[in-house]
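So this one's upload16.pdb, PDB, C-alpha atoms:
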ATOM      1  CA  MET A   1       0.000   0.000   0.000  1.00  0.00           C
ATOM      2  CA  VAL A   2       2.789   2.410   0.866  1.00  0.00           C
ATOM      3  CA  ALA A   3       4.701   1.813  -2.357  1.00  0.00           C
ATOM      4  CA  ARG A   4       1.595   2.319  -4.456  1.00  0.00           C
ATOM      5  CA  TRP A   5      -0.181   5.270  -2.867  1.00  0.00           C
ATOM      6  CA  ILE A   6       2.496   7.263  -1.058  1.00  0.00           C
ATOM      7  CA  VAL A   7       4.337   9.525  -3.460  1.00  0.00           C
ATOM      8  CA  GLU A   8       7.456  11.589  -2.928  1.00  0.00           C
ATOM      9  CA  PRO A   9       6.501  15.222  -2.289  1.00  0.00           C
ATOM     10  CA  PRO A  10       8.084  17.717  -4.642  1.00  0.00           C
ATOM     11  CA  ALA A  11      11.172  19.533  -3.400  1.00  0.00           C
ATOM     12  CA  VAL A  12      10.539  22.922  -1.882  1.00  0.00           C
ATOM     13  CA  ALA A  13      11.175  25.607  -4.475  1.00  0.00           C
ATOM     14  CA  LYS A  14      13.789  28.177  -3.556  1.00  0.00           C
ATOM     15  CA  PRO A  15      13.551  31.596  -5.157  1.00  0.00           C
ATOM     16  CA  SER A  16      16.578  32.449  -7.272  1.00  0.00           C
ATOM     17  CA  THR A  17      18.184  35.837  -7.604  1.00  0.00           C
ATOM     18  CA  ASP A  18      16.517  36.616 -10.940  1.00  0.00           C
ATOM     19  CA  GLY A  19      12.996  36.099  -9.590  1.00  0.00           C
ATOM     20  CA  GLU A  20      12.416  32.621 -11.092  1.00  0.00           C
ATOM     21  CA  GLN A  21      11.788  29.553  -8.985  1.00  0.00           C
ATOM     22  CA  THR A  22      14.237  26.675  -9.187  1.00  0.00           C
ATOM     23  CA  ASP A  23      14.107  23.220  -7.654  1.00  0.00           C
ATOM     24  CA  VAL A  24      16.657  22.597  -4.985  1.00  0.00           C
ATOM     25  CA  HIS A  25      17.675  18.965  -5.209  1.00  0.00           C
ATOM     26  CA  LEU A  26      20.799  18.805  -3.071  1.00  0.00           C
ATOM     27  CA  PRO A  27      21.979  20.789  -0.090  1.00  0.00           C
ATOM     28  CA  ILE A  28      25.187  22.760  -0.414  1.00  0.00           C
ATOM     29  CA  SER A  29      28.397  20.761  -0.037  1.00  0.00           C
ATOM     30  CA  GLY A  30      29.270  21.910   3.509  1.00  0.00           C
ATOM     31  CA  ALA A  31      25.805  21.043   4.755  1.00  0.00           C
ATOM     32  CA  ARG A  32      25.902  17.735   2.892  1.00  0.00           C
ATOM     33  CA  ARG A  33      29.246  16.833   4.481  1.00  0.00           C
ATOM     34  CA  SER A  34      27.900  17.714   7.914  1.00  0.00           C
ATOM     35  CA  LEU A  35      24.816  15.607   7.263  1.00  0.00           C
ATOM     36  CA  TRP A  36      26.856  12.571   6.174  1.00  0.00           C
ATOM     37  CA  PHE A  37      29.230  12.843   9.139  1.00  0.00           C
ATOM     38  CA  THR A  38      26.257  13.164  11.478  1.00  0.00           C
ATOM     39  CA  LEU A  39      24.562  10.122   9.956  1.00  0.00           C
ATOM     40  CA  ALA A  40      27.783   8.091  10.127  1.00  0.00           C
ATOM     41  CA  GLY A  41      28.223   9.015  13.788  1.00  0.00           C
ATOM     42  CA  LEU A  42      24.633   8.096  14.583  1.00  0.00           C
ATOM     43  CA  VAL A  43      25.018   4.732  12.845  1.00  0.00           C
ATOM     44  CA  LEU A  44      28.137   4.011  14.894  1.00  0.00           C
ATOM     45  CA  LEU A  45      26.381   5.002  18.121  1.00  0.00           C
ATOM     46  CA  GLN A  46      23.354   2.855  17.287  1.00  0.00           C
ATOM     47  CA  SER A  47      25.639  -0.062  16.412  1.00  0.00           C
ATOM     48  CA  SER A  48      27.484   0.155  19.702  1.00  0.00           C
ATOM     49  CA  SER A  49      24.186   0.367  21.540  1.00  0.00           C
ATOM     50  CA  GLY A  50      22.872  -2.730  19.778  1.00  0.00           C
ATOM     51  CA  LEU A  51      26.070  -4.645  20.494  1.00  0.00           C
ATOM     52  CA  ASN A  52      25.839  -3.569  24.126  1.00  0.00           C
ATOM     53  CA  VAL A  53      22.378  -5.094  24.453  1.00  0.00           C
ATOM     54  CA  GLN A  54      23.622  -8.336  22.919  1.00  0.00           C
ATOM     55  CA  ALA A  55      26.846  -8.564  24.933  1.00  0.00           C
ATOM     56  CA  LEU A  56      25.514  -7.398  28.309  1.00  0.00           C
ATOM     57  CA  PRO A  57      24.121 -10.820  29.351  1.00  0.00           C
ATOM     58  CA  LEU A  58      27.475 -12.411  28.485  1.00  0.00           C
ATOM     59  CA  LEU A  59      29.330  -9.792  30.519  1.00  0.00           C
ATOM     60  CA  VAL A  60      27.041 -10.290  33.506  1.00  0.00           C
ATOM     61  CA  ARG A  61      27.157 -14.082  33.294  1.00  0.00           C
ATOM     62  CA  HIS A  62      30.811 -14.758  32.522  1.00  0.00           C
ATOM     63  CA  ASN A  63      32.725 -11.761  33.865  1.00  0.00           C
ATOM     64  CA  LEU A  64      30.579 -10.673  36.790  1.00  0.00           C
ATOM     65  CA  HIS A  65      29.529 -14.261  37.653  1.00  0.00           C
ATOM     66  CA  SER A  66      25.859 -13.481  38.072  1.00  0.00           C
ATOM     67  CA  GLY A  67      22.709 -14.929  36.558  1.00  0.00           C
ATOM     68  CA  VAL A  68      21.108 -13.839  33.339  1.00  0.00           C
ATOM     69  CA  GLY A  69      18.229 -12.510  35.432  1.00  0.00           C
ATOM     70  CA  ALA A  70      20.555  -9.769  36.633  1.00  0.00           C
ATOM     71  CA  ALA A  71      21.167  -8.806  33.002  1.00  0.00           C
ATOM     72  CA  GLY A  72      17.417  -8.531  32.516  1.00  0.00           C
ATOM     73  CA  VAL A  73      17.141  -6.265  35.546  1.00  0.00           C
ATOM     74  CA  ILE A  74      19.998  -4.110  34.276  1.00  0.00           C
ATOM     75  CA  LEU A  75      18.408  -3.772  30.836  1.00  0.00           C
ATOM     76  CA  GLY A  76      15.070  -3.055  32.516  1.00  0.00           C
ATOM     77  CA  ILE A  77      16.615  -0.263  34.566  1.00  0.00           C
ATOM     78  CA  CYS A  78      17.916   1.329  31.394  1.00  0.00           C
ATOM     79  CA  ALA A  79      14.562   0.982  29.641  1.00  0.00           C
ATOM     80  CA  ALA A  80      12.727   2.468  32.615  1.00  0.00           C
ATOM     81  CA  LEU A  81      15.026   5.488  32.671  1.00  0.00           C
ATOM     82  CA  GLU A  82      15.040   6.144  28.911  1.00  0.00           C
ATOM     83  CA  ILE A  83      11.522   7.545  28.527  1.00  0.00           C
ATOM     84  CA  PRO A  84      11.637  10.113  31.364  1.00  0.00           C
ATOM     85  CA  ILE A  85      15.090  11.242  30.243  1.00  0.00           C
ATOM     86  CA  MET A  86      13.882  11.425  26.637  1.00  0.00           C
ATOM     87  CA  LEU A  87      10.948  13.617  27.690  1.00  0.00           C
ATOM     88  CA  GLY A  88      13.270  15.816  29.738  1.00  0.00           C
ATOM     89  CA  ALA A  89      15.671  16.149  26.816  1.00  0.00           C
ATOM     90  CA  GLY A  90      12.763  17.146  24.595  1.00  0.00           C
ATOM     91  CA  VAL A  91      11.810  19.904  27.001  1.00  0.00           C
ATOM     92  CA  LEU A  92      15.444  20.958  27.291  1.00  0.00           C
ATOM     93  CA  SER A  93      15.733  21.176  23.497  1.00  0.00           C
ATOM     94  CA  LYS A  94      13.530  24.267  23.577  1.00  0.00           C
ATOM     95  CA  ARG A  95      16.231  26.129  25.512  1.00  0.00           C
ATOM     96  CA  VAL A  96      19.448  24.485  24.307  1.00  0.00           C
ATOM     97  CA  PRO A  97      20.350  24.032  20.625  1.00  0.00           C
ATOM     98  CA  LEU A  98      19.780  20.498  19.343  1.00  0.00           C
ATOM     99  CA  GLN A  99      23.333  20.218  18.071  1.00  0.00           C
ATOM    100  CA  ARG A 100      24.744  20.768  21.540  1.00  0.00           C
ATOM    101  CA  LEU A 101      22.377  18.213  23.056  1.00  0.00           C
ATOM    102  CA  VAL A 102      23.036  15.582  20.384  1.00  0.00           C
ATOM    103  CA  LEU A 103      26.786  16.044  20.818  1.00  0.00           C
ATOM    104  CA  THR A 104      26.448  15.080  24.491  1.00  0.00           C
ATOM    105  CA  GLY A 105      25.255  11.597  23.489  1.00  0.00           C
ATOM    106  CA  PRO A 106      28.694  10.223  22.581  1.00  0.00           C
ATOM    107  CA  PHE A 107      30.134  11.510  25.862  1.00  0.00           C
ATOM    108  CA  PHE A 108      27.451   9.657  27.817  1.00  0.00           C
ATOM    109  CA  ALA A 109      28.258   6.553  25.749  1.00  0.00           C
ATOM    110  CA  MET A 110      32.005   6.832  26.349  1.00  0.00           C
ATOM    111  CA  ALA A 111      31.475   7.237  30.088  1.00  0.00           C
ATOM    112  CA  TYR A 112      29.105   4.261  30.190  1.00  0.00           C
ATOM    113  CA  TYR A 113      31.402   1.979  28.198  1.00  0.00           C
ATOM    114  CA  ALA A 114      34.386   3.002  30.334  1.00  0.00           C
ATOM    115  CA  ILE A 115      32.497   2.069  33.497  1.00  0.00           C
ATOM    116  CA  ALA A 116      31.146  -1.141  31.945  1.00  0.00           C
ATOM    117  CA  SER A 117      34.639  -2.222  30.937  1.00  0.00           C
ATOM    118  CA  VAL A 118      35.984  -1.954  34.483  1.00  0.00           C
ATOM    119  CA  ALA A 119      32.872  -2.933  36.465  1.00  0.00           C
ATOM    120  CA  GLN A 120      33.586  -5.642  39.038  1.00  0.00           C
ATOM    121  CA  GLN A 121      30.068  -6.047  40.401  1.00  0.00           C
ATOM    122  CA  VAL A 122      26.569  -6.058  38.971  1.00  0.00           C
ATOM    123  CA  TRP A 123      25.459  -3.021  40.977  1.00  0.00           C
ATOM    124  CA  GLN A 124      28.163  -0.918  39.302  1.00  0.00           C
ATOM    125  CA  LEU A 125      26.833  -1.871  35.901  1.00  0.00           C
ATOM    126  CA  GLY A 126      23.291  -1.166  37.112  1.00  0.00           C
ATOM    127  CA  ALA A 127      24.256   2.293  38.329  1.00  0.00           C
ATOM    128  CA  ALA A 128      25.961   3.021  35.014  1.00  0.00           C
ATOM    129  CA  GLN A 129      22.642   2.485  33.247  1.00  0.00           C
ATOM    130  CA  VAL A 130      21.814   6.109  34.016  1.00  0.00           C
ATOM    131  CA  LEU A 131      24.572   7.124  31.585  1.00  0.00           C
ATOM    132  CA  ASN A 132      23.458   4.527  29.040  1.00  0.00           C
ATOM    133  CA  ALA A 133      19.867   5.749  29.268  1.00  0.00           C
ATOM    134  CA  CYS A 134      21.023   9.350  28.767  1.00  0.00           C
ATOM    135  CA  CYS A 135      22.933   8.335  25.650  1.00  0.00           C
ATOM    136  CA  ILE A 136      20.000   6.406  24.205  1.00  0.00           C
ATOM    137  CA  ALA A 137      17.516   9.160  25.052  1.00  0.00           C
ATOM    138  CA  VAL A 138      19.606  11.849  23.408  1.00  0.00           C
ATOM    139  CA  VAL A 139      20.716   9.851  20.379  1.00  0.00           C
ATOM    140  CA  GLN A 140      17.413   8.165  19.622  1.00  0.00           C
ATOM    141  CA  GLY A 141      15.110  10.892  20.849  1.00  0.00           C
ATOM    142  CA  LEU A 142      16.703  14.059  19.532  1.00  0.00           C
ATOM    143  CA  ALA A 143      18.893  12.952  16.640  1.00  0.00           C
ATOM    144  CA  ILE A 144      15.969  12.652  14.229  1.00  0.00           C
ATOM    145  CA  SER A 145      14.998  16.250  14.889  1.00  0.00           C
ATOM    146  CA  TYR A 146      18.612  17.341  14.518  1.00  0.00           C
ATOM    147  CA  VAL A 147      19.033  15.562  11.180  1.00  0.00           C
ATOM    148  CA  GLN A 148      15.800  17.181  10.040  1.00  0.00           C
ATOM    149  CA  GLU A 149      17.271  20.576  10.959  1.00  0.00           C
ATOM    150  CA  LEU A 150      20.204  19.778   8.666  1.00  0.00           C
ATOM    151  CA  MET A 151      17.750  19.272   5.780  1.00  0.00           C
ATOM    152  CA  PRO A 152      15.275  22.167   6.096  1.00  0.00           C
ATOM    153  CA  LEU A 153      14.216  21.963   2.451  1.00  0.00           C
ATOM    154  CA  TYR A 154      13.156  18.321   2.807  1.00  0.00           C
ATOM    155  CA  PRO A 155      10.601  18.049   5.619  1.00  0.00           C
ATOM    156  CA  GLY A 156       9.922  14.469   6.661  1.00  0.00           C
ATOM    157  CA  ARG A 157      12.711  12.925   4.639  1.00  0.00           C
TER     158      ARG A 157
END
Representation of the structure as structure tokens:
Amino acid sequence: MVARWIVEPPAVAKPSTDGEQTDVHLPISGARRSLWFTLAGLVLLQSSSGLNVQALPLLVRHNLHSGVGAAGVILGICAALEIPIMLGAGVLSKRVPLQRLVLTGPFFAMAYYAIASVAQQVWQLGAAQVLNACCIAVVQGLAISYVQELMPLYPGR
């Protein structure tokens, strides 16, 4: 149904200097480069987050010598914290530029992964889920809006 009835909207026309309207198909090169670097960074952050979810039970079971139930609790803590932090980040985005907020995501991730790599007990990994939830909330909650800001002539793309 989507392939048949949903059509690509026409590009927003940008007035040229001589008064005629021209179609703008591609953003300028600097903006395009920024967009591609942003998308590459977001893909890397999402990949590390996905690998974290897959490897966390192994870390808890084999390195921290706890049951897989503890891994479920740890992942549940992160999931429970994500939504309130995501809502708070959305409110904060009205006062702070999106770029600045999105750039905090990798720092939360680096701090979380540093703690996870040296954690000796399950509670340490559980406490670090606050940082992981902040990273996920910022990257997954605000990054879409930020990427959309990088493409103002293509709403919804």
Please identify every residue of segment 67-91 of chain A that has at least one atom no farther than 10 Å from an atom of segment 138-155 of chain A, counting only C-alpha atoms, and for each give the shortest atom pair and the distance in Å to one decimal, arranged by chain then increasing number, as JSON lines.
{"residue": "A:Glu82", "atom": "CA", "partner": "A:Val138", "partner_atom": "CA", "distance": 9.1}
{"residue": "A:Ile83", "atom": "CA", "partner": "A:Gly141", "partner_atom": "CA", "distance": 9.1}
{"residue": "A:Ile85", "atom": "CA", "partner": "A:Val138", "partner_atom": "CA", "distance": 8.2}
{"residue": "A:Met86", "atom": "CA", "partner": "A:Gly141", "partner_atom": "CA", "distance": 5.9}
{"residue": "A:Leu87", "atom": "CA", "partner": "A:Gly141", "partner_atom": "CA", "distance": 8.5}
{"residue": "A:Gly88", "atom": "CA", "partner": "A:Val138", "partner_atom": "CA", "distance": 9.8}
{"residue": "A:Ala89", "atom": "CA", "partner": "A:Val138", "partner_atom": "CA", "distance": 6.8}
{"residue": "A:Gly90", "atom": "CA", "partner": "A:Leu142", "partner_atom": "CA", "distance": 7.1}
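Across the model, the gap from atom CA of Ala119 of chain A to atom CA of His65 of chain A is 11.9 Å.
We find atom CA of Cys135 of chain A and atom CA of Asn63 of chain A to be spaced 23.8 Å apart.
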May I have the residues within 10 Å of Val60 of chain A as a VMD selection string, using all atoms listed in the file and disregarding those fewer than 3 positions away in the same chain? chain A and resid 55 to 57 63 to 72 74 119 to 122 125
Best match for closeness to Ile136 of chain A among A:Gln46, A:His62, A:Leu98, A:Ala40, counting all atoms listed in the file: A:Gln46
Select, from A:Val43, A:Ala137, A:Arg32, A:Ser49, the residue with the minimum atom-to-atom distance to Pro84 of chain A, counting all atoms listed in the file. A:Ala137
Set the distance at 10 Å and use only C-alpha atoms: which residues neighbour Phe107 of chain A once local chain neighbours fewer than 4 positions away are removed? I'd like the list as JSON, numbers by chain. {"A": [102, 103, 111, 112, 113, 131, 134, 135]}
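Picture a line from atom CA of Ala79 of chain A to atom CA of Gly126 of chain A; it runs 11.7 Å.
Closest approach to Leu81 of chain A among A:Leu35, A:Leu101, A:Ala127, A:Gly156 is made by A:Ala127 (distances from all atoms listed in the file).
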Edge lengths and centre in Å to one decimal, as JSON, is what I'm after for the box along x, y and z that holds all listed atoms of segment 28-39 of chain A once 6 Å is added on each side.
{"center_x": 26.9, "center_y": 16.4, "center_z": 5.5, "size_x": 16.7, "size_y": 24.6, "size_z": 23.9}
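Closest approach to Val130 of chain A from the set A:Pro97, A:Val91, A:Ile77, A:Gly105 is made by A:Ile77, with distances taken over only C-alpha atoms.
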Distance criterion (all atoms listed in the file): nearest to Phe108 of chain A out of A:Val53, A:Lys94, A:Leu58, A:Leu45: A:Leu45
